[in-house]
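> coords_8.cif is reproduced below (mmCIF, C-alpha atoms).
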data_run
loop_
_atom_site.label_atom_id
_atom_site.label_comp_id
_atom_site.auth_asym_id
_atom_site.auth_seq_id
_atom_site.Cartn_x
_atom_site.Cartn_y
_atom_site.Cartn_z
CA MET U 11 26.20 71.25 4.79
CA LEU U 12 27.81 73.53 2.21
CA LEU U 13 26.95 71.09 -0.57
CA ALA U 14 23.31 71.00 0.52
CA ILE U 15 23.09 74.82 0.57
CA PHE U 16 24.82 74.99 -2.82
CA LEU U 17 22.46 72.48 -4.48
CA LEU U 18 19.37 73.94 -2.81
CA SER U 19 20.23 77.49 -3.92
CA PHE U 20 20.77 76.31 -7.49
CA SER U 21 17.49 74.34 -7.52
CA LEU U 22 15.47 77.25 -6.17
CA LEU U 23 16.96 79.78 -8.59
CA PHE U 24 16.34 77.42 -11.52
CA MET U 25 12.74 76.64 -10.47
CA PHE U 26 11.97 80.35 -10.08
CA GLY U 27 12.81 80.89 -13.74
CA MET U 28 16.38 82.17 -13.64
CA PRO U 29 18.44 81.14 -16.73
CA ILE U 30 20.35 77.98 -15.91
CA SER U 31 23.76 79.55 -16.57
CA VAL U 32 23.01 82.46 -14.21
CA ALA U 33 21.66 80.06 -11.58
CA MET U 34 24.86 78.00 -11.80
CA ILE U 35 27.10 81.06 -11.45
CA SER U 36 25.02 82.51 -8.59
CA SER U 37 24.99 79.29 -6.56
CA SER U 38 28.73 78.83 -7.19
CA LEU U 39 29.35 82.41 -6.07
CA LEU U 40 27.40 81.71 -2.86
CA TYR U 41 29.47 78.58 -2.20
CA ILE U 42 32.80 80.34 -2.80
CA GLY U 43 31.69 83.17 -0.51
CA MET U 44 30.79 80.71 2.27
CA ARG U 45 34.17 79.01 1.85
CA GLY U 46 35.94 82.38 2.05
CA MET U 47 37.74 81.80 -1.26
CA ASP U 48 39.14 84.51 -3.51
CA LEU U 49 36.66 85.63 -6.19
CA GLY U 50 39.58 85.99 -8.60
CA PHE U 51 39.92 82.21 -8.48
CA MET U 52 36.29 81.87 -9.56
CA ALA U 53 36.94 84.20 -12.51
CA MET U 54 39.93 82.08 -13.55
CA GLN U 55 37.82 78.93 -13.39
CA MET U 56 35.08 80.49 -15.49
CA PHE U 57 37.24 81.78 -18.29
CA SER U 58 39.32 78.62 -18.44
CA GLY U 59 36.07 77.05 -19.61
CA LEU U 60 36.33 79.10 -22.80
CA ASP U 61 40.07 78.62 -23.34
CA ASN U 62 39.81 75.99 -26.04
CA PHE U 63 40.40 76.53 -29.76
CA VAL U 64 37.88 73.86 -30.79
CA LEU U 65 35.02 75.97 -29.36
CA ILE U 66 35.31 78.29 -32.36
CA ALA U 67 33.54 75.54 -34.31
CA ILE U 68 30.30 76.08 -32.37
CA PRO U 69 29.41 79.59 -33.67
CA MET U 70 30.72 78.64 -37.11
CA PHE U 71 28.40 75.64 -37.46
CA ILE U 72 25.48 77.71 -36.19
CA LEU U 73 26.33 80.42 -38.74
CA THR U 74 26.42 77.81 -41.51
CA ALA U 75 22.89 76.72 -40.61
CA GLU U 76 21.68 80.34 -40.50
CA VAL U 77 23.15 81.10 -43.93
CA MET U 78 21.66 77.90 -45.38
CA ASN U 79 18.25 78.85 -43.99
CA LYS U 80 18.47 82.37 -45.45
CA THR U 81 19.16 81.14 -48.97
CA SER U 82 17.26 78.79 -51.26
CA VAL U 83 19.45 75.88 -50.18
CA ALA U 84 16.81 74.39 -47.84
CA ASP U 85 14.22 74.47 -50.62
CA LYS U 86 16.56 72.67 -53.05
CA ILE U 87 17.34 69.97 -50.48
CA PHE U 88 13.63 69.56 -49.77
CA ARG U 89 12.80 69.17 -53.48
CA PHE U 90 15.53 66.57 -53.93
CA CYS U 91 14.28 64.56 -50.94
CA ASN U 92 10.71 64.82 -52.21
CA SER U 93 11.79 63.36 -55.54
CA LEU U 94 13.74 60.63 -53.75
CA VAL U 95 11.24 59.28 -51.18
CA GLY U 96 8.00 61.23 -51.72
CA TYR U 97 6.34 58.31 -53.54
CA ILE U 98 6.61 55.96 -50.52
CA PRO U 99 3.41 55.71 -48.43
CA GLY U 100 3.68 58.57 -46.00
CA GLY U 101 5.44 60.65 -48.69
CA LEU U 102 6.24 63.96 -47.05
CA GLY U 103 6.74 62.28 -43.66
CA HIS U 104 9.70 60.43 -45.18
CA VAL U 105 10.83 63.65 -46.84
CA ASN U 106 10.83 65.29 -43.41
CA VAL U 107 13.16 62.61 -42.02
CA VAL U 108 15.51 62.52 -45.02
CA THR U 109 15.84 66.32 -45.14
CA SER U 110 16.85 66.21 -41.47
CA ILE U 111 19.49 63.60 -42.29
CA ILE U 112 20.94 65.72 -45.09
CA PHE U 113 20.65 69.04 -43.27
CA ALA U 114 22.34 67.39 -40.27
CA GLY U 115 25.51 67.37 -42.34
CA MET U 116 25.45 71.17 -42.40
CA SER U 117 24.09 72.52 -39.11
CA GLY U 118 25.08 70.38 -36.11
CA SER U 119 22.12 71.72 -34.13
CA ALA U 120 18.67 70.22 -33.52
CA VAL U 121 17.15 73.66 -32.88
CA ALA U 122 18.61 74.99 -36.16
CA ASP U 123 17.11 71.99 -37.94
CA VAL U 124 13.65 72.63 -36.48
CA GLY U 125 13.82 76.39 -37.08
CA GLY U 126 14.96 76.01 -40.69
CA ILE U 127 14.25 73.06 -42.93
CA GLY U 128 12.06 71.49 -40.23
CA ARG U 129 9.50 74.31 -40.55
CA LEU U 130 9.51 73.88 -44.33
CA SER U 131 8.88 70.13 -44.02
CA TYR U 132 6.19 70.60 -41.36
CA GLN U 133 4.26 73.14 -43.43
CA ALA U 134 4.48 70.98 -46.54
CA MET U 135 3.05 68.00 -44.62
CA VAL U 136 0.17 70.07 -43.22
CA ASP U 137 -0.61 71.55 -46.66
CA GLU U 138 -0.64 68.03 -48.12
CA GLY U 139 -3.24 66.82 -45.61
CA PHE U 140 -1.24 65.34 -42.71
CA ASP U 141 -2.49 66.01 -39.18
CA LYS U 142 -0.73 68.98 -37.59
CA GLU U 143 0.26 67.09 -34.45
CA PHE U 144 1.66 64.13 -36.41
CA SER U 145 3.59 66.50 -38.70
CA ALA U 146 5.02 68.33 -35.71
CA SER U 147 5.95 65.07 -33.98
CA VAL U 148 7.84 63.79 -37.04
CA THR U 149 9.65 67.14 -37.24
CA ILE U 150 10.61 66.97 -33.55
CA ALA U 151 11.74 63.33 -33.65
CA SER U 152 13.73 63.72 -36.88
CA SER U 153 15.50 66.81 -35.51
CA THR U 154 17.35 64.53 -33.07
CA ILE U 155 19.41 63.36 -36.05
CA GLY U 156 20.93 66.84 -36.49
CA PRO U 157 23.60 66.64 -33.76
CA ILE U 158 24.24 62.91 -34.30
CA ILE U 159 25.24 62.98 -37.97
CA PRO U 160 28.27 65.31 -38.27
CA PRO U 161 28.94 68.11 -37.74
CA SER U 162 27.70 68.18 -34.16
CA ILE U 163 27.93 70.89 -31.52
CA PRO U 164 27.42 68.47 -28.56
CA MET U 165 30.19 66.26 -29.96
CA VAL U 166 32.54 69.25 -30.04
CA VAL U 167 31.79 69.89 -26.34
CA TYR U 168 32.22 66.19 -25.47
CA ALA U 169 35.57 66.08 -27.28
CA MET U 170 36.68 69.17 -25.37
CA VAL U 171 35.97 67.68 -21.92
CA THR U 172 37.31 64.18 -22.68
CA ASN U 173 40.21 64.98 -25.05
CA VAL U 174 39.08 62.47 -27.68
CA SER U 175 39.27 62.99 -31.44
CA VAL U 176 36.49 65.19 -32.82
CA GLY U 177 36.99 63.62 -36.24
CA LYS U 178 36.43 60.10 -34.89
CA LEU U 179 33.34 61.27 -33.03
CA PHE U 180 31.96 62.87 -36.18
CA PHE U 181 32.43 59.76 -38.29
CA GLY U 182 31.13 57.60 -35.41
CA GLY U 183 27.80 59.43 -35.57
CA VAL U 184 27.09 58.62 -39.23
CA LEU U 185 25.64 55.09 -38.91
CA PRO U 186 23.67 55.80 -35.68
CA GLY U 187 22.07 58.81 -37.38
CA LEU U 188 21.06 56.67 -40.34
CA ILE U 189 19.70 53.94 -38.03
CA ILE U 190 17.52 56.48 -36.21
CA GLY U 191 16.32 57.87 -39.56
CA LEU U 192 15.42 54.37 -40.79
CA VAL U 193 13.51 53.53 -37.59
CA LEU U 194 11.48 56.75 -37.89
CA MET U 195 10.75 56.12 -41.57
CA VAL U 196 9.41 52.63 -40.79
CA TYR U 197 7.08 54.15 -38.20
CA VAL U 198 5.91 56.86 -40.62
CA TYR U 199 5.27 54.15 -43.24
CA VAL U 200 3.11 52.04 -40.89
CA ILE U 201 1.09 54.98 -39.53
CA SER U 202 0.60 56.45 -43.00
CA LEU U 203 -0.86 53.18 -44.31
CA LYS U 204 -3.14 52.99 -41.28
CA ARG U 205 -4.38 56.58 -41.61
CA HIS U 206 -4.26 56.75 -45.41
CA TYR U 207 -1.92 59.72 -45.54
CA PRO U 208 -1.07 60.97 -49.07
CA LYS U 209 2.01 60.21 -51.13
CA ASN U 210 3.39 61.30 -54.48
CA SER U 211 2.13 59.26 -57.41
CA MET U 212 4.73 57.54 -59.59
CA THR U 213 3.66 57.35 -63.23
CA SER U 214 6.70 55.34 -64.31
CA VAL U 215 10.23 54.48 -63.26
CA ARG U 216 11.54 56.55 -66.16
CA VAL U 217 9.73 59.70 -64.99
CA PHE U 218 10.84 59.05 -61.40
CA LEU U 219 14.51 58.76 -62.43
CA ARG U 220 14.25 61.85 -64.63
CA ASP U 221 12.73 63.97 -61.87
CA LEU U 222 15.24 62.65 -59.34
CA PHE U 223 18.15 63.43 -61.67
CA PHE U 224 17.08 67.04 -62.25
CA ALA U 225 16.35 67.56 -58.55
CA PHE U 226 19.81 66.20 -57.78
CA LEU U 227 21.42 68.58 -60.27
CA LYS U 228 19.64 71.56 -58.72
CA GLY U 229 20.67 70.51 -55.23
CA PHE U 230 24.14 69.24 -56.18
CA PHE U 231 26.22 71.99 -54.59
CA PRO U 232 24.32 72.10 -51.27
CA LEU U 233 24.50 68.29 -51.11
CA LEU U 234 28.29 68.55 -51.42
CA THR U 235 28.56 70.37 -48.08
CA PRO U 236 28.77 67.28 -45.81
CA LEU U 237 31.22 65.63 -48.21
CA ILE U 238 33.47 68.70 -48.20
CA LEU U 239 33.42 68.87 -44.40
CA LEU U 240 34.02 65.20 -43.66
CA GLY U 241 36.37 64.72 -46.61
CA GLY U 242 38.51 67.64 -45.51
CA ILE U 243 38.70 66.33 -41.94
CA TYR U 244 39.48 62.75 -43.01
CA LEU U 245 42.16 63.76 -45.53
CA GLY U 246 43.79 66.03 -42.97
CA VAL U 247 43.36 69.10 -45.15
CA VAL U 248 41.53 70.95 -42.36
CA THR U 249 40.96 70.52 -38.64
CA THR U 250 37.41 70.39 -37.29
CA THR U 251 37.58 74.08 -36.40
CA GLU U 252 38.90 75.01 -39.83
CA ALA U 253 36.20 72.83 -41.42
CA SER U 254 33.54 74.85 -39.61
CA VAL U 255 34.94 78.07 -41.10
CA LEU U 256 35.10 76.40 -44.51
CA ALA U 257 31.43 75.46 -44.18
CA VAL U 258 30.51 79.10 -43.53
CA LEU U 259 32.52 80.28 -46.53
CA TYR U 260 31.05 77.61 -48.80
CA SER U 261 27.44 78.29 -47.76
CA PHE U 262 27.97 82.04 -48.16
CA MET U 263 29.38 81.55 -51.68
CA LEU U 264 26.38 79.41 -52.62
CA GLY U 265 23.90 82.01 -51.46
CA PHE U 266 25.77 85.15 -52.55
CA PHE U 267 27.42 84.15 -55.85
CA LEU U 268 25.74 81.00 -57.22
CA TYR U 269 22.07 81.36 -56.30
CA ARG U 270 22.13 85.15 -55.64
CA THR U 271 19.52 84.76 -52.90
CA MET U 272 21.63 86.33 -50.17
CA LYS U 273 22.70 89.94 -49.76
CA LEU U 274 25.19 91.41 -47.33
CA LYS U 275 22.39 92.68 -45.10
CA ASP U 276 21.06 89.09 -44.91
CA PHE U 277 24.49 87.90 -43.83
CA VAL U 278 24.57 90.60 -41.15
CA GLU U 279 21.20 89.34 -39.91
CA CYS U 280 22.67 85.83 -39.74
CA LEU U 281 25.55 87.15 -37.66
CA LYS U 282 23.14 88.87 -35.27
CA GLN U 283 21.23 85.61 -34.84
CA VAL U 284 24.46 83.71 -34.18
CA PHE U 285 25.49 86.23 -31.52
CA ALA U 286 22.10 85.81 -29.81
CA THR U 287 22.28 82.00 -29.96
CA CYS U 288 25.93 81.71 -28.97
CA GLY U 289 25.50 84.15 -26.11
CA SER U 290 23.49 81.56 -24.20
CA ILE U 291 25.66 78.60 -25.25
CA LEU U 292 29.03 80.21 -24.53
CA LEU U 293 27.80 81.52 -21.17
CA LEU U 294 26.90 77.95 -20.23
CA LEU U 295 30.51 76.77 -20.68
CA PRO U 296 32.17 79.00 -18.03
CA ALA U 297 29.14 78.54 -15.78
CA ALA U 298 29.47 74.77 -16.07
CA LYS U 299 33.20 75.00 -15.44
CA VAL U 300 32.86 76.80 -12.08
CA PHE U 301 29.84 74.66 -11.14
CA SER U 302 31.90 71.55 -11.86
CA PHE U 303 34.71 72.88 -9.67
CA VAL U 304 32.33 73.18 -6.72
CA MET U 305 31.00 69.63 -7.22
CA THR U 306 34.57 68.31 -7.44
CA ALA U 307 35.55 70.21 -4.28
CA GLU U 308 32.62 68.54 -2.49
CA ASN U 309 33.55 65.06 -3.85
CA LEU U 310 30.22 64.71 -5.66
CA GLN U 311 32.00 62.66 -8.32
CA ASP U 312 32.86 60.01 -5.69
CA ILE U 313 29.27 60.03 -4.41
CA ILE U 314 27.91 59.39 -7.93
CA TYR U 315 30.61 56.77 -8.55
CA GLN U 316 29.82 54.88 -5.36
CA GLY U 317 26.07 55.10 -6.00
CA MET U 318 26.37 53.66 -9.48
CA MET U 319 28.72 50.93 -8.31
CA ALA U 320 26.24 49.99 -5.56
CA PHE U 321 23.44 49.83 -8.13
CA SER U 322 25.37 47.92 -10.79
CA GLY U 323 27.38 45.52 -8.63
CA ASN U 324 30.34 46.02 -11.01
CA ASN U 325 28.33 44.67 -13.97
CA ARG U 326 29.41 46.67 -17.03
CA TRP U 327 25.98 46.58 -18.68
CA LEU U 328 24.22 47.71 -15.52
CA ILE U 329 26.77 50.53 -15.29
CA MET U 330 25.93 51.57 -18.86
CA LEU U 331 22.20 51.30 -18.07
CA SER U 332 22.54 53.52 -14.99
CA VAL U 333 24.57 56.11 -16.92
CA ASN U 334 21.97 56.17 -19.69
CA ILE U 335 19.13 56.60 -17.19
CA LEU U 336 21.06 59.45 -15.58
CA PHE U 337 21.61 61.28 -18.86
CA LEU U 338 18.06 60.70 -20.08
CA ILE U 339 16.73 62.29 -16.89
CA LEU U 340 19.25 65.13 -17.13
CA GLY U 341 18.24 65.66 -20.77
CA MET U 342 14.64 66.20 -19.68
CA LEU U 343 15.72 68.92 -17.24
CA SER U 344 18.59 70.92 -18.72
CA ASP U 345 20.69 71.82 -21.76
CA PRO U 346 22.84 69.11 -23.44
CA THR U 347 25.92 71.33 -23.19
CA VAL U 348 25.52 71.62 -19.42
CA ASN U 349 24.96 67.89 -18.99
CA ILE U 350 28.05 67.01 -21.01
CA MET U 351 30.26 69.60 -19.30
CA LEU U 352 29.19 68.69 -15.77
CA PHE U 353 28.52 64.98 -15.71
CA VAL U 354 30.62 63.34 -18.43
CA PRO U 355 33.89 63.96 -16.48
CA MET U 356 32.20 62.38 -13.45
CA VAL U 357 31.18 59.15 -15.15
CA MET U 358 34.17 58.74 -17.50
CA PRO U 359 36.32 56.86 -14.92
CA LEU U 360 33.44 54.43 -14.42
CA ILE U 361 32.98 53.98 -18.18
CA ALA U 362 36.72 53.53 -18.78
CA ALA U 363 36.96 50.95 -15.99
CA SER U 364 34.04 49.06 -17.56
CA GLY U 365 35.88 48.78 -20.87
CA PHE U 366 33.62 50.93 -23.06
CA ASP U 367 35.22 52.86 -25.90
CA PRO U 368 35.10 56.66 -25.31
CA ILE U 369 34.03 57.28 -28.93
CA HIS U 370 31.18 54.78 -28.61
CA PHE U 371 30.20 56.33 -25.28
CA GLY U 372 30.35 59.86 -26.70
CA VAL U 373 27.84 59.07 -29.43
CA ILE U 374 25.59 57.35 -26.87
CA ILE U 375 25.66 60.45 -24.64
CA VAL U 376 24.78 62.73 -27.57
CA ILE U 377 21.82 60.50 -28.51
CA ASN U 378 20.64 60.59 -24.89
CA ALA U 379 20.90 64.38 -24.92
CA MET U 380 18.89 64.63 -28.14
CA ILE U 381 16.13 62.34 -26.87
CA GLY U 382 15.99 64.54 -23.78
CA ASN U 383 15.59 67.55 -26.09
CA THR U 384 12.27 66.11 -27.28
CA THR U 385 10.78 65.35 -23.86
CA PRO U 386 9.07 67.48 -21.22
CA PRO U 387 9.44 69.43 -19.03
CA VAL U 388 12.37 71.36 -20.58
CA GLY U 389 12.80 69.74 -24.02
CA GLN U 390 14.11 72.61 -26.17
CA VAL U 391 13.00 71.20 -29.51
CA LEU U 392 9.54 70.23 -28.24
CA LEU U 393 8.97 73.68 -26.76
CA ALA U 394 10.37 75.38 -29.87
CA VAL U 395 7.93 73.61 -32.20
CA CYS U 396 4.98 74.23 -29.86
CA GLY U 397 5.90 77.91 -29.73
CA ILE U 398 6.59 78.40 -33.44
CA GLU U 399 3.51 76.56 -34.71
CA LYS U 400 1.16 77.48 -31.81
CA LEU U 401 0.26 73.85 -31.17
CA SER U 402 -1.01 72.12 -28.04
CA PHE U 403 1.75 70.61 -25.92
CA GLU U 404 -0.48 67.73 -24.79
CA LYS U 405 -1.73 66.84 -28.29
CA ILE U 406 1.80 66.72 -29.70
CA LEU U 407 2.89 64.44 -26.86
CA ARG U 408 0.15 61.93 -27.76
CA GLU U 409 1.66 61.59 -31.24
CA LEU U 410 5.27 61.92 -30.11
CA TRP U 411 5.57 59.28 -27.39
CA PRO U 412 5.67 56.24 -29.75
CA MET U 413 8.52 57.91 -31.63
CA ILE U 414 10.39 58.52 -28.37
CA VAL U 415 10.01 54.80 -27.60
CA LEU U 416 11.46 54.00 -31.03
CA LEU U 417 14.34 56.40 -30.43
CA LEU U 418 15.07 54.48 -27.21
CA VAL U 419 14.96 51.20 -29.15
CA ALA U 420 17.47 52.62 -31.65
CA LEU U 421 19.63 53.77 -28.72
CA ALA U 422 19.56 50.25 -27.25
CA ILE U 423 20.72 48.79 -30.59
CA ILE U 424 23.58 51.29 -30.77
CA ILE U 425 24.63 50.49 -27.18
CA LEU U 426 24.52 46.71 -27.67
CA VAL U 427 26.28 46.78 -31.06
CA PRO U 428 29.35 49.04 -30.66
CA GLN U 429 30.32 48.58 -34.31
CA THR U 430 27.36 50.73 -35.32
CA VAL U 431 29.50 53.58 -33.97
CA LEU U 432 33.05 52.29 -34.29
CA ALA U 433 33.02 50.62 -37.73
CA ILE U 434 33.60 53.79 -39.77
CA PRO U 435 36.16 55.48 -37.44
CA ASN U 436 38.12 52.22 -37.11
CA ALA U 437 38.15 51.78 -40.88
CA LEU U 438 39.23 55.36 -41.62
CA PHE U 439 41.55 56.20 -38.72
CA ARG U 440 44.20 53.51 -38.28
#
Mind turning this structure into structure tokens?

Amino acid sequence: MLLAIFLLSFSLLFMFGMPISVAMISSSLLYIGMRGMDLGFMAMQMFSGLDNFVLIAIPMFILTAEVMNKTSVADKIFRFCNSLVGYIPGGLGHVNVVTSIIFAGMSGSAVADVGGIGRLSYQAMVDEGFDKEFSASVTIASSTIGPIIPPSIPMVVYAMVTNVSVGKLFFGGVLPGLIIGLVLMVYVYVISLKRHYPKNSMTSVRVFLRDLFFAFLKGFFPLLTPLILLGGIYLGVVTTTEASVLAVLYSFMLGFFLYRTMKLKDFVECLKQVFATCGSILLLLPAAKVFSFVMTAENLQDIIYQGMMAFSGNNRWLIMLSVNILFLILGMLSDPTVNIMLFVPMVMPLIAASGFDPIHFGVIIVINAMIGNTTPPVGQVLLAVCGIEKLSFEKILRELWPMIVLLLVALAIIILVPQTVLAIPNALFR
């Protein structure tokens, strides 16, 4: 009875437009009141959700993306990618995907990708003659790569709740991110040939190599950012948290000293934006912690466990299928951070018993969360692009759904071939 009241109160508050973190705290407060428990215990549960050093990486990676977007770094990366793949049929569509791959090594956030270099790529495609809805759909789909290729904010949260290595998770996301990028580029290529979208003209290989070389030189220092981050983590020079601070320092030095496109007031504006963004993220963590306590107290974990076992019949692949369906549905309804905090601890015993590697599973969960970010009704990236560019939700969905299908195909490949995730971590961390 208490569980039913708890879940009903949360559902009603969420449907009536209350922020999900506030709805979680309010429904948990109602449950604790009905149980006659001490409110001080609830406070302890909430703030224990923030008592983890690795969480410092979240605002630092967001700040890195903000600083990069405030300087000319995004433009230099875009020009390099245009010189690299702009001559392929579908030109700027491929540039859109490749810039997302490169910028993913700096931001760790799909929303930061869309709000920064994604807007630049979208506008360039539209100016070049691509349909607005197709341009927006490529921008949305390619933004899923941001939290898969390291650094990654969802991976930091997953590592926190499962106690696995953040470094292994980061390196495990490299090949899956590239696979998703390749799948999207193949689709852009086919559609561009069909619709006769423009591309850069290549006069000669010599001119192409010359332009690519100079674009690389201009973008050399920004392109070093992912190498500095991952190299520092792999060599043991810095922890993941320290690497996030190093990324902020490096991006600030690029903008303030090398390119002179950033002033102190710009940096202050970046800090303000980070505070606004992190306010919602870091409120979700204690909210999810107390919400998770209530679900554990009501044995919801056992209910989910028994339900999945009944569905799968102890078949490990059916278990993985049911978990993926669960997280895809959750991704359509709520924030990735909430889904990871609440439901990963519930399904981890099932996954461990089925023999799946926690690093492999972590990358799979992040991909599920990112696909959910692109789908209605609550897809953050989809809604962000519709809002920023004032585009029709329905028209974008017509162009976006084939890309979502391809993202699911890429996910299936990554699930069925664990070495797509584990090859690099196993080679580097022995």
> Near segment 355-366 of chain U, counting all atoms listed in the file, which residues have an atom at most 9 Å away, once you skip same-chain residues fewer than 5 positions from it, shown as a list in words?
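Contacts, in chain order: Val171, Thr172, Thr306, Leu310, Gln311, Asp312, Ile314, Tyr315, Met318, Met319, Asn324, Asn325, Arg326, Trp327, Ile329, Met330, Val333, Ile350, Phe371 and Pro428 of chain U.
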> Since I can't run it myself right now, could you work out what the PyMOL selection byres ((chain U and resi 78) around 12) selects here and report it as an MDAnalysis selection string?
chainID U and resid 71:77 79:87 113:117 122:123 125:127 231:233 235 257:266 269 271:272 276:277 280
> Please produce an output containing C-alpha atoms for each residue in the selection, written as a CSV table (one decimal), in the frame of the given file.

chain,number,residue,atom,x,y,z
U,71,PHE,CA,28.4,75.6,-37.5
U,72,ILE,CA,25.5,77.7,-36.2
U,73,LEU,CA,26.3,80.4,-38.7
U,74,THR,CA,26.4,77.8,-41.5
U,75,ALA,CA,22.9,76.7,-40.6
U,76,GLU,CA,21.7,80.3,-40.5
U,77,VAL,CA,23.2,81.1,-43.9
U,79,ASN,CA,18.2,78.8,-44.0
U,80,LYS,CA,18.5,82.4,-45.4
U,81,THR,CA,19.2,81.1,-49.0
U,82,SER,CA,17.3,78.8,-51.3
U,83,VAL,CA,19.4,75.9,-50.2
U,84,ALA,CA,16.8,74.4,-47.8
U,85,ASP,CA,14.2,74.5,-50.6
U,86,LYS,CA,16.6,72.7,-53.0
U,87,ILE,CA,17.3,70.0,-50.5
U,113,PHE,CA,20.6,69.0,-43.3
U,114,ALA,CA,22.3,67.4,-40.3
U,115,GLY,CA,25.5,67.4,-42.3
U,116,MET,CA,25.4,71.2,-42.4
U,117,SER,CA,24.1,72.5,-39.1
U,122,ALA,CA,18.6,75.0,-36.2
U,123,ASP,CA,17.1,72.0,-37.9
U,125,GLY,CA,13.8,76.4,-37.1
U,126,GLY,CA,15.0,76.0,-40.7
U,127,ILE,CA,14.2,73.1,-42.9
U,231,PHE,CA,26.2,72.0,-54.6
U,232,PRO,CA,24.3,72.1,-51.3
U,233,LEU,CA,24.5,68.3,-51.1
U,235,THR,CA,28.6,70.4,-48.1
U,257,ALA,CA,31.4,75.5,-44.2
U,258,VAL,CA,30.5,79.1,-43.5
U,259,LEU,CA,32.5,80.3,-46.5
U,260,TYR,CA,31.0,77.6,-48.8
U,261,SER,CA,27.4,78.3,-47.8
U,262,PHE,CA,28.0,82.0,-48.2
U,263,MET,CA,29.4,81.6,-51.7
U,264,LEU,CA,26.4,79.4,-52.6
U,265,GLY,CA,23.9,82.0,-51.5
U,266,PHE,CA,25.8,85.2,-52.6
U,269,TYR,CA,22.1,81.4,-56.3
U,271,THR,CA,19.5,84.8,-52.9
U,272,MET,CA,21.6,86.3,-50.2
U,276,ASP,CA,21.1,89.1,-44.9
U,277,PHE,CA,24.5,87.9,-43.8
U,280,CYS,CA,22.7,85.8,-39.7
> Check what the PyMOL selection byres ((chain U and resi 90) around 8) selects in the file above and give those residues as a PDB file with C-alpha atoms, in the frame of the given file.

ATOM      1  CA  LYS U  86      16.560  72.670 -53.050  1.00  0.00           C
ATOM      2  CA  ILE U  87      17.340  69.970 -50.480  1.00  0.00           C
ATOM      3  CA  PHE U  88      13.630  69.560 -49.770  1.00  0.00           C
ATOM      4  CA  ARG U  89      12.800  69.170 -53.480  1.00  0.00           C
ATOM      5  CA  CYS U  91      14.280  64.560 -50.940  1.00  0.00           C
ATOM      6  CA  ASN U  92      10.710  64.820 -52.210  1.00  0.00           C
ATOM      7  CA  SER U  93      11.790  63.360 -55.540  1.00  0.00           C
ATOM      8  CA  LEU U  94      13.740  60.630 -53.750  1.00  0.00           C
ATOM      9  CA  LEU U 222      15.240  62.650 -59.340  1.00  0.00           C
ATOM     10  CA  ALA U 225      16.350  67.560 -58.550  1.00  0.00           C
ATOM     11  CA  PHE U 226      19.810  66.200 -57.780  1.00  0.00           C
ATOM     12  CA  GLY U 229      20.670  70.510 -55.230  1.00  0.00           C
TER      13      GLY U 229
END
> Nearest to Met351 of chain U: which of U:Lys228, U:Lys273, U:Lys299, U:Arg440 is it, counting all atoms listed in the file?
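Under the stated criterion, the closest residue is U:Lys299.
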> What would the selection look like, as a PyMOL selection string, if the PyMOL selection byres ((chain U and resi 416-427) around 8) were run on the coordinates I just shared?
chain U and resi 186+189-190+193-194+370+374+377-378+381+412-415+428-431
> Suppose we keep C-alpha atoms; can you now write the selection as a PDB file, in the frame of the given file?

ATOM      1  CA  PRO U 186      23.670  55.800 -35.680  1.00  0.00           C
ATOM      2  CA  ILE U 189      19.700  53.940 -38.030  1.00  0.00           C
ATOM      3  CA  ILE U 190      17.520  56.480 -36.210  1.00  0.00           C
ATOM      4  CA  VAL U 193      13.510  53.530 -37.590  1.00  0.00           C
ATOM      5  CA  LEU U 194      11.480  56.750 -37.890  1.00  0.00           C
ATOM      6  CA  HIS U 370      31.180  54.780 -28.610  1.00  0.00           C
ATOM      7  CA  ILE U 374      25.590  57.350 -26.870  1.00  0.00           C
ATOM      8  CA  ILE U 377      21.820  60.500 -28.510  1.00  0.00           C
ATOM      9  CA  ASN U 378      20.640  60.590 -24.890  1.00  0.00           C
ATOM     10  CA  ILE U 381      16.130  62.340 -26.870  1.00  0.00           C
ATOM     11  CA  PRO U 412       5.670  56.240 -29.750  1.00  0.00           C
ATOM     12  CA  MET U 413       8.520  57.910 -31.630  1.00  0.00           C
ATOM     13  CA  ILE U 414      10.390  58.520 -28.370  1.00  0.00           C
ATOM     14  CA  VAL U 415      10.010  54.800 -27.600  1.00  0.00           C
ATOM     15  CA  PRO U 428      29.350  49.040 -30.660  1.00  0.00           C
ATOM     16  CA  GLN U 429      30.320  48.580 -34.310  1.00  0.00           C
ATOM     17  CA  THR U 430      27.360  50.730 -35.320  1.00  0.00           C
ATOM     18  CA  VAL U 431      29.500  53.580 -33.970  1.00  0.00           C
TER      19      VAL U 431
END
> Quick one: pull the distance between atom CA of Leu438 of chain U and atom CA of Leu245 of chain U, Å, one decimal.
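Atom-to-atom, atom CA of Leu438 of chain U and atom CA of Leu245 of chain U are spaced 9.7 Å apart.
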> Need to verify the contact set: Ile238 of chain U, 9 Å, all atoms listed in the file, exclusion of same-chain residues closer than 4 positions in sequence. Can you return it as number ranges by chain?
U: 234, 242-243, 253, 256-257
> Using all atoms listed in the file for the distances, tell me which of U:Phe353, U:Phe301, U:Phe337, U:Phe439 is nearest to Met56 of chain U.
U:Phe301
